[in-house]
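*Asks:* So I've got this file, final14.txt, and it contains compact mmCIF, C-alpha atoms:
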# COMPACT_ATOMS: atom_id res chain seq x y z
CA MET A 1 -33.96 -61.21 17.19
CA LYS A 2 -36.70 -63.24 15.52
CA LEU A 3 -40.16 -62.87 16.99
CA ASN A 4 -41.13 -66.53 17.11
CA SER A 5 -43.08 -66.49 20.35
CA LEU A 6 -44.90 -64.19 22.74
CA HIS A 7 -41.97 -64.71 25.11
CA ASP A 8 -39.62 -63.24 22.47
CA LEU A 9 -41.98 -60.29 22.08
CA LEU A 10 -42.13 -59.71 25.84
CA VAL A 11 -38.31 -59.58 26.02
CA GLU A 12 -38.23 -57.19 23.04
CA GLU A 13 -40.82 -54.93 24.70
CA LEU A 14 -38.84 -54.93 27.96
CA ARG A 15 -35.64 -53.99 26.14
CA ASP A 16 -37.45 -51.08 24.52
CA LEU A 17 -38.61 -49.97 27.99
CA TYR A 18 -35.14 -50.45 29.47
CA SER A 19 -33.74 -48.12 26.85
CA ALA A 20 -36.63 -45.65 27.34
CA GLU A 21 -36.20 -45.50 31.13
CA ASN A 22 -32.44 -45.02 30.85
CA MET A 23 -32.93 -42.10 28.44
CA LEU A 24 -35.44 -40.62 30.87
CA LEU A 25 -32.93 -40.90 33.72
CA LYS A 26 -30.72 -38.49 31.81
CA ALA A 27 -33.52 -36.15 30.73
CA LEU A 28 -35.37 -35.71 34.06
CA PRO A 29 -32.64 -33.70 35.87
CA ARG A 30 -32.54 -31.27 32.92
CA MET A 31 -36.34 -30.99 32.97
CA ALA A 32 -36.35 -30.30 36.73
CA LYS A 33 -33.72 -27.60 36.24
CA ALA A 34 -35.69 -25.96 33.44
CA ALA A 35 -39.03 -25.91 35.30
CA SER A 36 -39.97 -22.55 36.83
CA SER A 37 -42.62 -23.72 39.27
CA GLU A 38 -41.26 -25.35 42.41
CA GLU A 39 -44.10 -27.85 42.40
CA LEU A 40 -43.20 -29.01 38.89
CA GLN A 41 -39.51 -29.15 39.79
CA ALA A 42 -40.32 -31.36 42.78
CA ALA A 43 -42.53 -33.63 40.65
CA PHE A 44 -39.71 -34.19 38.13
CA GLU A 45 -37.19 -34.85 40.92
CA GLU A 46 -39.44 -37.37 42.62
CA HIS A 47 -40.13 -39.07 39.31
CA LEU A 48 -36.37 -39.38 38.82
CA THR A 49 -36.07 -41.36 42.07
CA GLN A 50 -39.03 -43.48 40.97
CA THR A 51 -37.47 -44.08 37.54
CA GLU A 52 -34.24 -45.33 39.16
CA GLU A 53 -36.31 -47.91 41.05
CA GLN A 54 -38.20 -48.82 37.85
CA VAL A 55 -34.89 -49.57 36.11
CA ARG A 56 -33.88 -51.82 39.03
CA ARG A 57 -37.26 -53.55 38.71
CA LEU A 58 -36.56 -54.20 35.00
CA ASP A 59 -33.16 -55.65 35.97
CA ARG A 60 -34.92 -58.09 38.30
CA ILE A 61 -37.41 -59.02 35.57
CA PHE A 62 -34.65 -59.77 33.03
CA LYS A 63 -33.00 -61.95 35.65
CA GLN A 64 -36.25 -63.86 36.27
CA LEU A 65 -36.69 -64.35 32.53
CA GLY A 66 -33.09 -65.48 32.10
CA ALA A 67 -32.62 -62.73 29.51
CA LYS A 68 -29.76 -60.26 29.27
CA ALA A 69 -30.64 -56.83 30.70
CA LYS A 70 -29.93 -54.60 27.77
CA GLY A 71 -31.67 -51.84 25.92
CA LYS A 72 -32.89 -51.77 22.34
CA LYS A 73 -32.80 -48.11 21.38
CA CYS A 74 -36.31 -46.79 21.89
CA LYS A 75 -36.81 -44.38 18.98
CA ALA A 76 -40.18 -43.24 20.27
CA MET A 77 -38.73 -42.10 23.61
CA GLU A 78 -35.85 -40.49 21.74
CA GLY A 79 -38.40 -38.41 19.81
CA LEU A 80 -40.42 -37.61 22.93
CA ILE A 81 -37.33 -36.38 24.77
CA GLU A 82 -36.23 -34.42 21.71
CA GLU A 83 -39.57 -32.58 21.83
CA GLY A 84 -39.02 -31.81 25.53
CA LYS A 85 -35.58 -30.43 24.68
CA GLU A 86 -37.05 -28.16 22.01
CA ILE A 87 -39.39 -26.67 24.62
CA MET A 88 -36.51 -26.05 27.02
CA GLU A 89 -34.66 -24.19 24.28
CA GLN A 90 -37.64 -22.06 23.32
CA ASP A 91 -38.19 -18.44 24.31
CA GLY A 92 -41.36 -17.31 25.97
CA ASP A 93 -43.22 -16.74 29.20
CA GLU A 94 -42.21 -18.93 32.16
CA ALA A 95 -45.76 -20.07 32.94
CA VAL A 96 -46.40 -20.98 29.29
CA LEU A 97 -43.13 -22.91 29.05
CA ASP A 98 -44.03 -24.81 32.24
CA ALA A 99 -47.43 -25.70 30.73
CA ALA A 100 -45.61 -26.91 27.59
CA MET A 101 -43.22 -28.99 29.63
CA ILE A 102 -46.06 -30.64 31.56
CA GLY A 103 -47.64 -31.56 28.20
CA ALA A 104 -44.37 -33.12 27.02
CA ALA A 105 -43.98 -35.05 30.27
CA GLN A 106 -47.53 -36.40 30.02
CA LYS A 107 -46.80 -37.69 26.54
CA VAL A 108 -43.82 -39.56 28.00
CA GLU A 109 -46.03 -41.02 30.74
CA HIS A 110 -48.65 -42.11 28.21
CA TYR A 111 -45.98 -43.84 26.15
CA GLU A 112 -44.83 -45.74 29.21
CA ILE A 113 -48.39 -46.57 30.26
CA ALA A 114 -49.06 -48.11 26.82
CA SER A 115 -45.75 -50.03 26.86
CA TYR A 116 -45.94 -51.33 30.42
CA GLY A 117 -49.62 -52.22 29.87
CA THR A 118 -48.72 -54.30 26.82
CA ALA A 119 -45.79 -56.01 28.57
CA ARG A 120 -47.88 -56.74 31.69
CA THR A 121 -50.59 -58.37 29.54
CA PHE A 122 -48.01 -60.52 27.70
CA ALA A 123 -46.58 -61.66 31.07
CA GLN A 124 -50.06 -62.54 32.38
CA ILE A 125 -50.89 -64.59 29.29
CA LEU A 126 -47.58 -66.42 29.59
CA GLY A 127 -48.39 -67.26 33.22
CA LEU A 128 -45.40 -65.25 34.48
CA ASP A 129 -47.25 -63.91 37.51
CA ASP A 130 -44.24 -62.46 39.36
CA VAL A 131 -43.14 -60.57 36.28
CA ALA A 132 -46.70 -59.34 35.68
CA ASP A 133 -46.90 -58.08 39.28
CA LEU A 134 -43.64 -56.14 38.99
CA LEU A 135 -44.78 -54.57 35.73
CA GLN A 136 -48.14 -53.68 37.30
CA GLU A 137 -46.31 -51.88 40.12
CA THR A 138 -44.49 -49.66 37.64
CA LEU A 139 -47.66 -49.20 35.59
CA ASP A 140 -49.47 -47.89 38.69
CA GLU A 141 -46.62 -45.48 39.41
CA GLU A 142 -46.68 -44.13 35.86
CA ALA A 143 -50.44 -43.63 36.06
CA ASP A 144 -50.02 -41.79 39.40
CA THR A 145 -47.35 -39.55 37.89
CA ASP A 146 -49.65 -38.73 34.97
CA LYS A 147 -52.44 -37.88 37.41
CA ARG A 148 -50.16 -35.66 39.47
CA LEU A 149 -49.03 -33.83 36.32
CA THR A 150 -52.69 -33.24 35.42
CA GLU A 151 -53.21 -31.68 38.86
CA ILE A 152 -50.15 -29.44 38.48
CA ALA A 153 -51.32 -28.53 34.97
CA GLU A 154 -54.60 -27.24 36.32
CA SER A 155 -53.00 -24.32 38.13
CA ALA A 156 -50.13 -23.95 35.63
CA ASN A 157 -52.51 -23.65 32.67
CA TYR A 158 -54.60 -20.96 34.35
CA GLU A 159 -51.46 -19.02 35.14
CA ALA A 160 -50.34 -19.42 31.52
CA ALA A 161 -53.74 -18.15 30.35
CA THR A 162 -53.27 -14.85 32.17
CA VAL A 163 -50.06 -13.91 30.38
CA GLY A 164 -49.24 -12.54 26.93
CA GLY A 165 -51.48 -11.68 24.05
CA GLU A 166 -52.01 -13.46 20.79
CA ASP A 167 -48.89 -13.47 18.70
CA GLU A 168 -48.93 -12.23 15.15
CA GLU A 169 -48.85 -15.10 12.73
CA GLU A 170 -45.27 -15.56 11.67
CA MET B 171 -42.31 -19.11 17.37
CA LYS B 172 -42.12 -17.60 20.84
CA LEU B 173 -44.39 -19.14 23.45
CA ASN B 174 -45.73 -15.94 24.99
CA SER B 175 -49.28 -17.09 25.65
CA LEU B 176 -51.39 -20.19 26.07
CA HIS B 177 -52.85 -19.37 22.66
CA ASP B 178 -49.35 -19.66 21.15
CA LEU B 179 -48.93 -23.00 22.90
CA LEU B 180 -52.27 -24.28 21.63
CA VAL B 181 -51.29 -23.44 18.04
CA GLU B 182 -47.90 -25.12 18.54
CA GLU B 183 -49.58 -28.26 19.93
CA LEU B 184 -52.02 -28.34 16.99
CA ARG B 185 -49.16 -28.06 14.50
CA ASP B 186 -47.44 -30.99 16.19
CA LEU B 187 -50.68 -32.98 15.86
CA TYR B 188 -51.15 -31.90 12.24
CA SER B 189 -47.72 -33.26 11.42
CA ALA B 190 -48.37 -36.43 13.45
CA GLU B 191 -51.70 -37.17 11.71
CA ASN B 192 -50.22 -36.60 8.26
CA MET B 193 -47.39 -39.03 9.02
CA LEU B 194 -49.96 -41.53 10.20
CA LEU B 195 -51.94 -41.16 6.95
CA LYS B 196 -48.89 -42.50 5.12
CA ALA B 197 -48.12 -45.25 7.66
CA LEU B 198 -51.59 -46.77 8.11
CA PRO B 199 -51.95 -48.30 4.61
CA ARG B 200 -48.57 -50.02 5.08
CA MET B 201 -49.65 -51.29 8.51
CA ALA B 202 -52.91 -52.63 7.09
CA LYS B 203 -51.00 -54.41 4.34
CA ALA B 204 -48.57 -55.97 6.81
CA ALA B 205 -51.24 -57.23 9.23
CA SER B 206 -52.04 -60.94 8.95
CA SER B 207 -55.38 -60.99 10.76
CA GLU B 208 -58.29 -59.67 8.73
CA GLU B 209 -59.77 -58.05 11.81
CA LEU B 210 -56.59 -56.05 12.41
CA GLN B 211 -56.37 -55.13 8.73
CA ALA B 212 -59.94 -53.81 8.86
CA ALA B 213 -59.21 -51.84 12.04
CA PHE B 214 -56.23 -50.10 10.42
CA GLU B 215 -58.21 -49.35 7.27
CA GLU B 216 -61.10 -47.86 9.23
CA HIS B 217 -58.71 -45.81 11.32
CA LEU B 218 -57.24 -44.45 8.09
CA THR B 219 -60.66 -43.09 7.07
CA GLN B 220 -61.05 -41.66 10.56
CA THR B 221 -57.61 -40.05 10.42
CA GLU B 222 -58.48 -38.34 7.13
CA GLU B 223 -61.50 -36.78 8.86
CA GLN B 224 -59.34 -35.81 11.86
CA VAL B 225 -56.97 -33.91 9.56
CA ARG B 226 -59.93 -32.05 8.03
CA ARG B 227 -61.09 -31.25 11.59
CA LEU B 228 -57.66 -29.76 12.34
CA ASP B 229 -57.93 -27.67 9.15
CA ARG B 230 -61.23 -26.26 10.42
CA ILE B 231 -59.68 -25.52 13.82
CA PHE B 232 -56.74 -23.62 12.29
CA LYS B 233 -59.24 -21.59 10.28
CA GLN B 234 -61.25 -20.77 13.40
CA LEU B 235 -58.05 -19.72 15.20
CA GLY B 236 -56.92 -17.63 12.23
CA ALA B 237 -53.68 -19.62 12.17
CA LYS B 238 -52.01 -21.17 9.18
CA ALA B 239 -52.67 -24.92 8.84
CA LYS B 240 -49.17 -26.29 8.79
CA GLY B 241 -47.26 -29.02 10.51
CA LYS B 242 -44.30 -28.73 12.85
CA LYS B 243 -42.42 -31.99 12.43
CA CYS B 244 -43.57 -34.26 15.24
CA LYS B 245 -40.42 -36.12 16.25
CA ALA B 246 -42.28 -38.33 18.71
CA MET B 247 -44.63 -39.65 16.01
CA GLU B 248 -41.65 -40.08 13.69
CA GLY B 249 -40.08 -42.36 16.34
CA LEU B 250 -43.33 -44.21 16.96
CA ILE B 251 -43.79 -44.92 13.26
CA GLU B 252 -40.14 -45.92 12.94
CA GLU B 253 -40.76 -48.57 15.61
CA GLY B 254 -43.79 -49.82 13.70
CA LYS B 255 -41.65 -50.08 10.56
CA GLU B 256 -39.04 -52.13 12.41
CA ILE B 257 -41.73 -54.63 13.40
CA MET B 258 -42.95 -54.91 9.80
CA GLU B 259 -39.39 -55.69 8.69
CA GLN B 260 -38.83 -58.31 11.38
CA ASP B 261 -38.97 -62.06 10.88
CA GLY B 262 -41.13 -64.25 13.01
CA ASP B 263 -44.48 -65.89 13.49
CA GLU B 264 -47.48 -64.11 11.96
CA ALA B 265 -49.53 -64.09 15.16
CA VAL B 266 -46.59 -62.74 17.18
CA LEU B 267 -45.92 -60.01 14.61
CA ASP B 268 -49.62 -59.04 14.70
CA ALA B 269 -49.45 -58.79 18.50
CA ALA B 270 -46.34 -56.60 18.15
CA MET B 271 -48.07 -54.36 15.61
CA ILE B 272 -51.10 -53.92 17.88
CA GLY B 273 -48.72 -52.83 20.66
CA ALA B 274 -47.07 -50.29 18.36
CA ALA B 275 -50.45 -48.95 17.23
CA GLN B 276 -51.62 -48.55 20.83
CA LYS B 277 -48.53 -46.47 21.60
CA VAL B 278 -49.50 -44.21 18.70
CA GLU B 279 -53.05 -43.91 20.06
CA HIS B 280 -51.76 -43.09 23.55
CA TYR B 281 -49.54 -40.37 22.12
CA GLU B 282 -52.53 -38.85 20.36
CA ILE B 283 -54.74 -39.19 23.44
CA ALA B 284 -52.18 -37.27 25.53
CA SER B 285 -51.75 -34.59 22.83
CA TYR B 286 -55.42 -34.07 22.03
CA GLY B 287 -56.23 -34.09 25.75
CA THR B 288 -53.70 -31.31 26.37
CA ALA B 289 -54.89 -29.26 23.37
CA ARG B 290 -58.57 -29.68 24.35
CA THR B 291 -57.81 -28.45 27.90
CA PHE B 292 -55.92 -25.40 26.56
CA ALA B 293 -58.90 -24.56 24.29
CA GLN B 294 -61.33 -24.91 27.21
CA ILE B 295 -59.28 -22.60 29.43
CA LEU B 296 -59.07 -20.05 26.61
CA GLY B 297 -62.88 -20.15 26.24
CA LEU B 298 -62.61 -21.51 22.69
CA ASP B 299 -65.60 -23.82 23.10
CA ASP B 300 -66.06 -24.74 19.43
CA VAL B 301 -62.40 -25.69 19.13
CA ALA B 302 -62.56 -27.66 22.38
CA ASP B 303 -65.62 -29.58 21.09
CA LEU B 304 -63.88 -30.49 17.83
CA LEU B 305 -60.81 -31.68 19.71
CA GLN B 306 -62.99 -33.69 22.09
CA GLU B 307 -64.60 -35.44 19.10
CA THR B 308 -61.19 -36.60 17.87
CA LEU B 309 -60.11 -37.50 21.40
CA ASP B 310 -63.15 -39.78 21.77
CA GLU B 311 -62.36 -41.45 18.43
CA GLU B 312 -58.75 -42.10 19.46
CA ALA B 313 -59.91 -43.58 22.77
CA ASP B 314 -62.38 -45.84 20.89
CA THR B 315 -59.61 -46.98 18.54
CA ASP B 316 -57.39 -47.81 21.50
CA LYS B 317 -60.23 -49.81 23.08
CA ARG B 318 -60.88 -51.69 19.84
CA LEU B 319 -57.17 -52.54 19.55
CA THR B 320 -57.26 -53.90 23.12
CA GLU B 321 -60.16 -56.15 22.12
CA ILE B 322 -58.35 -57.39 19.02
CA ALA B 323 -55.22 -57.91 21.14
CA GLU B 324 -57.09 -60.25 23.45
CA SER B 325 -57.53 -62.92 20.80
CA ALA B 326 -54.28 -62.06 18.97
CA ASN B 327 -52.17 -62.42 22.12
CA TYR B 328 -53.65 -65.81 22.97
CA GLU B 329 -52.94 -66.98 19.43
CA ALA B 330 -49.39 -65.64 19.73
CA ALA B 331 -48.97 -67.51 23.03
CA THR B 332 -49.64 -70.83 21.34
CA VAL B 333 -46.80 -70.58 18.84
CA GLY B 334 -43.05 -71.00 19.01
CA GLY B 335 -40.80 -71.84 21.89
CA GLU B 336 -38.42 -69.72 23.85
CA ASP B 337 -35.62 -68.47 21.69
CA GLU B 338 -32.02 -68.95 22.67
CA GLU B 339 -30.51 -65.75 24.00
CA GLU B 340 -28.56 -64.18 21.20
Step by step, read the file and then write its structure as structure tokens.
*Replies:*
Amino acid sequence: MKLNSLHDLLVEELRDLYSAENMLLKALPRMAKAASSEELQAAFEEHLTQTEEQVRRLDRIFKQLGAKAKGKKCKAMEGLIEEGKEIMEQDGDEAVLDAAMIGAAQKVEHYEIASYGTARTFAQILGLDDVADLLQETLDEEADTDKRLTEIAESANYEAATVGGEDEEE
Amino acid sequence: MKLNSLHDLLVEELRDLYSAENMLLKALPRMAKAASSEELQAAFEEHLTQTEEQVRRLDRIFKQLGAKAKGKKCKAMEGLIEEGKEIMEQDGDEAVLDAAMIGAAQKVEHYEIASYGTARTFAQILGLDDVADLLQETLDEEADTDKRLTEIAESANYEAATVGGEDEEE
């Protein structure tokens, strides 16, 4: 696709997000399963439900734009999820692994915040108010999720700080 | 490396960042070269100088922690840079491509903001005040860069909105 207009770029950005959200739909159940703290598990499960709605919202946006709802493989999200997977496969203390997983999840949220923020601004400039409103709704949800993860991290990090000693340098 | 303590996790996070910053050192000159607007070019060039200092700051932190300064391949940053590369290889209007590149750069900044924020919090909890201060310095710089990119985007997006028509769906 040639990027000849801001409209083209908006569609491109939305396809990146569509791919990112669909990857996340597959990753979140695994993350919930791997979390030790019940609070973190619940947060991942609720974010899964939210993500399903966010994908439906993207479907509605594509329809409004008259563009095909399809993904354009989001390599950044692929890398972010890969990093989450690495944590899940690592050995260590439960509390420390939970703290690591929260960090990985917040990186995912920040990626989405940057992407939805950009797409929302493009839609505003193009005068596509309905689209901008829908994107703002998701943006608010992502920001809330990030905030909630920060709250969970507060207790998780202190728990992680009480365990283990310093490892020898490998 | 086993994640047995929050100290282990801090070192792991710093190695991820060390790899990310070093990848960025290679990508920024290419991004500056590809940018059409002089303002954007200058922003990328200045951020390159800043990134060089941020890598030196990480070197000092590793020394203070008695850990080896080495990277652990940051797959997320690899994906983020890959997306930037795709934009540089795309055809289209100059103003639209600049707007796309700003979006890609802001995703990079958000990744770093999330990572440095997490690492700074770990250092604070561990009572490593000097390390936390150094990480906070970089965190503030990344946030400033993100803000500057938002300012540049304001004019760039409006310019992008004036060009081209809507493309046919491919």
*Asks:* Please determine the contact residues of chain A with respect to chain B at a cut-off of 8 Å, counting all atoms listed in the file, and supply them as an MDAnalysis selection string.
*Replies:* chainID A and resid 1:9 67:68 74:80 82:83 90:93 96:97 100 103 106:107 110:111 114:115 118 122 125:126 157:158 160:167 169:170
*Asks:* Here is a test: counting all atoms listed in the file, which residue of A:Arg57, A:Met88, A:His47, A:Leu149 is nearest to Arg30 in chain A?
*Replies:* A:Met88
*Asks:* Considering all atoms listed in the file, can you say which of B:Asp300, B:Glu215, B:Glu307, B:Glu321 comes closest to Ile231 in chain B?
*Replies:*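 Answer, going by the shortest atom-to-atom distance: B:Asp300.
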*Asks:* Please determine, counting all atoms listed in the file, which residue among B:Asp268, B:Asp229, B:Glu222, B:Glu256 has the shortest atom-to-atom distance to Ala326 in chain B.
*Replies:*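 Under the stated criterion, the closest residue is B:Asp268.
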*Asks:* I'd like the interatomic distance between CA of Gln224 in chain B and CA of Met271 in chain B, to a tenth of an Å.
*Replies:*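 Here the two named atoms are 22.0 Å from each other.
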*Asks:* Between CA of Gly71 in chain A and CA of Ala27 in chain A, what is the distance in Å, rounded to a tenth?
*Replies:*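 Between these atoms lies a distance of 16.5 Å.
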